[in-house]
Structures are given as C-alpha cells and as structure tokens.
Amino acid sequence: MLVACSFTPQPRPGYRVGVPEDGGWQELLNSAAAVHGGAGWGRMSGLDAEPVPHRGRPLSLALTLPPLGAVFLEPQVCGWAACMP
C-alpha cells in the first residue's frame, strides 16, 4: 500500500512518488474526494506506474495530492486499463 499525505494548504497536481511495482495502482481512499465531503481533488480511479525512476525506485506515479489530505493506493495485478471491466 502507498500512502501519500499533504500537510500544506496547496494542491500538488503531478506530485511524483517512486513505486517498487509495475502495473496499475488503484486509489482506495482520497480524503479530499467529494464522496468524503472534500473539494473533489484526485482521481478516485487508478494510475499505471511509469518507467520514470524517482528517489531510488525504478518506477513512479504522478499523483494529484490534495491539500491537507491523504491518498491511499494499492498495486493491482494487471495494468489499470486492463483491470477495467
């Protein structure tokens, strides 16, 4: 599981986070999502890991990190688009 938290009042679109696993990452919870009473920041869907090394990890994700919030993601066995019904 990947947990990314922001303790600043600024949104961070395109915030890059290194990940150890290739494939899709599904957003499980975004504290700023409208369904949770937030302002609607984030995807509430998923992302595919990109072959962009970041902070010692071979792959990375470009997240929309909400202001004063947290995003929880988990790796998927297949890529995000391939996991869609």
# chains A, B, ... in the order shown; residues from 1 in each chain; ligands from 1

call {"tool": "select_by_dssp", "arguments": {"residues": "chain A", "states": "alpha helix (DSSP H)", "output": "list in words"}}
result
Trp80, Ala81, Ala82 and Cys83 of chain A

call {"tool": "write_last_selection", "arguments": {"atoms": "N, CA and C atoms", "output": "PDB file, in the first residue's frame"}}
result
ATOM      1  N   TRP A  80      -3.854  -0.716 -14.976  1.00  0.00           N
ATOM      2  CA  TRP A  80      -5.149  -0.130 -14.644  1.00  0.00           C
ATOM      3  C   TRP A  80      -6.161  -0.319 -15.772  1.00  0.00           C
ATOM      4  N   ALA A  81      -5.796  -0.013 -16.987  1.00  0.00           N
ATOM      5  CA  ALA A  81      -6.741  -0.135 -18.106  1.00  0.00           C
ATOM      6  C   ALA A  81      -7.147  -1.592 -18.327  1.00  0.00           C
ATOM      7  N   ALA A  82      -6.230  -2.541 -18.125  1.00  0.00           N
ATOM      8  CA  ALA A  82      -6.540  -3.959 -18.325  1.00  0.00           C
ATOM      9  C   ALA A  82      -7.442  -4.505 -17.227  1.00  0.00           C
ATOM     10  N   CYS A  83      -7.473  -3.867 -16.066  1.00  0.00           N
ATOM     11  CA  CYS A  83      -8.311  -4.339 -14.956  1.00  0.00           C
ATOM     12  C   CYS A  83      -9.754  -3.848 -15.080  1.00  0.00           C
TER      13      CYS A  83
END

call {"tool": "select_by_dssp", "arguments": {"residues": "chain A", "states": "strand (DSSP E)", "output": "PyMOL selection string"}}
result
chain A and resi 2-5+12-19+24-30+46-48+59-65+70-75

call {"tool": "write_last_selection", "arguments": {"atoms": "C-alpha atoms", "output": "PDB file, in the first residue's frame"}}
result
ATOM      1  CA  LEU A   2       1.121   3.514  -0.782  1.00  0.00           C
ATOM      2  CA  VAL A   3       0.012   6.370   1.456  1.00  0.00           C
ATOM      3  CA  ALA A   4       0.808   9.938   0.430  1.00  0.00           C
ATOM      4  CA  CYS A   5      -0.092  12.788   2.804  1.00  0.00           C
ATOM      5  CA  ARG A  12       0.050  19.216  -5.693  1.00  0.00           C
ATOM      6  CA  PRO A  13      -1.009  18.037  -9.182  1.00  0.00           C
ATOM      7  CA  GLY A  14       1.634  15.858 -10.823  1.00  0.00           C
ATOM      8  CA  TYR A  15       3.307  15.012  -7.500  1.00  0.00           C
ATOM      9  CA  ARG A  16       5.745  12.204  -8.331  1.00  0.00           C
ATOM     10  CA  VAL A  17       6.160   9.226  -5.993  1.00  0.00           C
ATOM     11  CA  GLY A  18       8.540   6.312  -6.599  1.00  0.00           C
ATOM     12  CA  VAL A  19       6.992   2.827  -6.506  1.00  0.00           C
ATOM     13  CA  GLY A  24      -1.743  -0.433 -12.071  1.00  0.00           C
ATOM     14  CA  TRP A  25      -2.297   1.276  -8.739  1.00  0.00           C
ATOM     15  CA  GLN A  26      -5.875   1.768  -7.579  1.00  0.00           C
ATOM     16  CA  GLU A  27      -6.887   4.676  -5.396  1.00  0.00           C
ATOM     17  CA  LEU A  28      -8.669   3.191  -2.379  1.00  0.00           C
ATOM     18  CA  LEU A  29      -9.266   6.391  -0.450  1.00  0.00           C
ATOM     19  CA  ASN A  30      -8.771  10.075  -1.104  1.00  0.00           C
ATOM     20  CA  GLY A  46      -6.272   4.407 -10.790  1.00  0.00           C
ATOM     21  CA  LEU A  47      -2.891   5.042 -12.328  1.00  0.00           C
ATOM     22  CA  ASP A  48      -0.325   2.966 -14.178  1.00  0.00           C
ATOM     23  CA  LEU A  59       9.104   3.338 -11.451  1.00  0.00           C
ATOM     24  CA  SER A  60       6.861   6.164 -10.322  1.00  0.00           C
ATOM     25  CA  LEU A  61       3.340   7.575 -10.253  1.00  0.00           C
ATOM     26  CA  ALA A  62       2.256  11.162 -10.883  1.00  0.00           C
ATOM     27  CA  LEU A  63      -0.409  11.769  -8.225  1.00  0.00           C
ATOM     28  CA  THR A  64      -2.819  14.575  -7.598  1.00  0.00           C
ATOM     29  CA  LEU A  65      -2.031  15.164  -3.947  1.00  0.00           C
ATOM     30  CA  ALA A  70      -4.170  11.879   2.114  1.00  0.00           C
ATOM     31  CA  VAL A  71      -4.339   9.414  -0.765  1.00  0.00           C
ATOM     32  CA  PHE A  72      -4.216   5.637  -0.259  1.00  0.00           C
ATOM     33  CA  LEU A  73      -3.364   3.372  -3.227  1.00  0.00           C
ATOM     34  CA  GLU A  74      -2.725  -0.339  -3.680  1.00  0.00           C
ATOM     35  CA  PRO A  75      -0.963  -2.177  -6.519  1.00  0.00           C
TER      36      PRO A  75
END

call {"tool": "closest_residue", "arguments": {"among": "A:Gln76, A:Gly69, A:Thr8, A:Arg57", "to": "A:Ala39", "atoms": "only C-alpha atoms"}}
result
A:Gly69

call {"tool": "atom_distance", "arguments": {"atom1": "atom CA of A:Pro53", "atom2": "atom CA of A:Trp41"}}
result
25.2 Å

call {"tool": "decode", "arguments": {"residues": "stretch 6-82 of chain A", "atoms": "C-alpha atoms", "output": "PDB file, in the first residue's frame"}}
result
ATOM      1  CA  SER A   6      -0.009  16.531   2.363  1.00  0.00           C
ATOM      2  CA  PHE A   7       0.250  18.832   5.354  1.00  0.00           C
ATOM      3  CA  THR A   8       0.170  22.019   3.296  1.00  0.00           C
ATOM      4  CA  PRO A   9      -2.853  24.008   2.038  1.00  0.00           C
ATOM      5  CA  GLN A  10      -1.570  23.825  -1.571  1.00  0.00           C
ATOM      6  CA  PRO A  11      -2.773  21.130  -4.020  1.00  0.00           C
ATOM      7  CA  ARG A  12       0.050  19.216  -5.693  1.00  0.00           C
ATOM      8  CA  PRO A  13      -1.009  18.037  -9.182  1.00  0.00           C
ATOM      9  CA  GLY A  14       1.634  15.858 -10.823  1.00  0.00           C
ATOM     10  CA  TYR A  15       3.307  15.012  -7.500  1.00  0.00           C
ATOM     11  CA  ARG A  16       5.745  12.204  -8.331  1.00  0.00           C
ATOM     12  CA  VAL A  17       6.160   9.226  -5.993  1.00  0.00           C
ATOM     13  CA  GLY A  18       8.540   6.312  -6.599  1.00  0.00           C
ATOM     14  CA  VAL A  19       6.992   2.827  -6.506  1.00  0.00           C
ATOM     15  CA  PRO A  20       8.556  -0.645  -6.450  1.00  0.00           C
ATOM     16  CA  GLU A  21       5.988  -2.460  -8.597  1.00  0.00           C
ATOM     17  CA  ASP A  22       4.967  -2.146 -12.216  1.00  0.00           C
ATOM     18  CA  GLY A  23       1.336  -2.205 -13.286  1.00  0.00           C
ATOM     19  CA  GLY A  24      -1.743  -0.433 -12.071  1.00  0.00           C
ATOM     20  CA  TRP A  25      -2.297   1.276  -8.739  1.00  0.00           C
ATOM     21  CA  GLN A  26      -5.875   1.768  -7.579  1.00  0.00           C
ATOM     22  CA  GLU A  27      -6.887   4.676  -5.396  1.00  0.00           C
ATOM     23  CA  LEU A  28      -8.669   3.191  -2.379  1.00  0.00           C
ATOM     24  CA  LEU A  29      -9.266   6.391  -0.450  1.00  0.00           C
ATOM     25  CA  ASN A  30      -8.771  10.075  -1.104  1.00  0.00           C
ATOM     26  CA  SER A  31      -9.683  12.265   1.849  1.00  0.00           C
ATOM     27  CA  ALA A  32     -10.417  15.200  -0.481  1.00  0.00           C
ATOM     28  CA  ALA A  33     -12.849  13.312  -2.720  1.00  0.00           C
ATOM     29  CA  ALA A  34     -16.349  14.771  -2.938  1.00  0.00           C
ATOM     30  CA  VAL A  35     -17.829  11.481  -1.707  1.00  0.00           C
ATOM     31  CA  HIS A  36     -15.982  12.078   1.587  1.00  0.00           C
ATOM     32  CA  GLY A  37     -17.077  15.715   1.844  1.00  0.00           C
ATOM     33  CA  GLY A  38     -13.914  17.092   0.253  1.00  0.00           C
ATOM     34  CA  ALA A  39     -13.392  19.556  -2.574  1.00  0.00           C
ATOM     35  CA  GLY A  40     -13.176  16.870  -5.252  1.00  0.00           C
ATOM     36  CA  TRP A  41      -9.376  16.666  -5.659  1.00  0.00           C
ATOM     37  CA  GLY A  42      -7.994  13.427  -7.022  1.00  0.00           C
ATOM     38  CA  ARG A  43      -8.925  10.710  -9.441  1.00  0.00           C
ATOM     39  CA  MET A  44     -10.853   8.110  -7.391  1.00  0.00           C
ATOM     40  CA  SER A  45      -9.746   5.644 -10.043  1.00  0.00           C
ATOM     41  CA  GLY A  46      -6.272   4.407 -10.790  1.00  0.00           C
ATOM     42  CA  LEU A  47      -2.891   5.042 -12.328  1.00  0.00           C
ATOM     43  CA  ASP A  48      -0.325   2.966 -14.178  1.00  0.00           C
ATOM     44  CA  ALA A  49       3.263   3.033 -12.965  1.00  0.00           C
ATOM     45  CA  GLU A  50       5.533   4.879 -15.373  1.00  0.00           C
ATOM     46  CA  PRO A  51       9.136   3.910 -16.198  1.00  0.00           C
ATOM     47  CA  VAL A  52      10.384   7.144 -14.616  1.00  0.00           C
ATOM     48  CA  PRO A  53      12.854   6.430 -11.788  1.00  0.00           C
ATOM     49  CA  HIS A  54      12.264   8.523  -8.684  1.00  0.00           C
ATOM     50  CA  ARG A  55      14.059   8.597  -5.323  1.00  0.00           C
ATOM     51  CA  GLY A  56      15.709   5.223  -5.706  1.00  0.00           C
ATOM     52  CA  ARG A  57      12.666   3.425  -7.136  1.00  0.00           C
ATOM     53  CA  PRO A  58      12.661   2.168 -10.728  1.00  0.00           C
ATOM     54  CA  LEU A  59       9.104   3.338 -11.451  1.00  0.00           C
ATOM     55  CA  SER A  60       6.861   6.164 -10.322  1.00  0.00           C
ATOM     56  CA  LEU A  61       3.340   7.575 -10.253  1.00  0.00           C
ATOM     57  CA  ALA A  62       2.256  11.162 -10.883  1.00  0.00           C
ATOM     58  CA  LEU A  63      -0.409  11.769  -8.225  1.00  0.00           C
ATOM     59  CA  THR A  64      -2.819  14.575  -7.598  1.00  0.00           C
ATOM     60  CA  LEU A  65      -2.031  15.164  -3.947  1.00  0.00           C
ATOM     61  CA  PRO A  66      -4.885  17.078  -2.301  1.00  0.00           C
ATOM     62  CA  PRO A  67      -4.287  19.987   0.067  1.00  0.00           C
ATOM     63  CA  LEU A  68      -4.317  18.964   3.742  1.00  0.00           C
ATOM     64  CA  GLY A  69      -5.285  15.428   2.743  1.00  0.00           C
ATOM     65  CA  ALA A  70      -4.170  11.879   2.114  1.00  0.00           C
ATOM     66  CA  VAL A  71      -4.339   9.414  -0.765  1.00  0.00           C
ATOM     67  CA  PHE A  72      -4.216   5.637  -0.259  1.00  0.00           C
ATOM     68  CA  LEU A  73      -3.364   3.372  -3.227  1.00  0.00           C
ATOM     69  CA  GLU A  74      -2.725  -0.339  -3.680  1.00  0.00           C
ATOM     70  CA  PRO A  75      -0.963  -2.177  -6.519  1.00  0.00           C
ATOM     71  CA  GLN A  76      -3.049  -4.170  -8.969  1.00  0.00           C
ATOM     72  CA  VAL A  77      -2.019  -7.455 -10.571  1.00  0.00           C
ATOM     73  CA  CYS A  78      -2.643  -6.029 -14.043  1.00  0.00           C
ATOM     74  CA  GLY A  79      -2.336  -2.529 -15.501  1.00  0.00           C
ATOM     75  CA  TRP A  80      -5.149  -0.130 -14.644  1.00  0.00           C
ATOM     76  CA  ALA A  81      -6.741  -0.135 -18.106  1.00  0.00           C
ATOM     77  CA  ALA A  82      -6.540  -3.959 -18.325  1.00  0.00           C
TER      78      ALA A  82
END
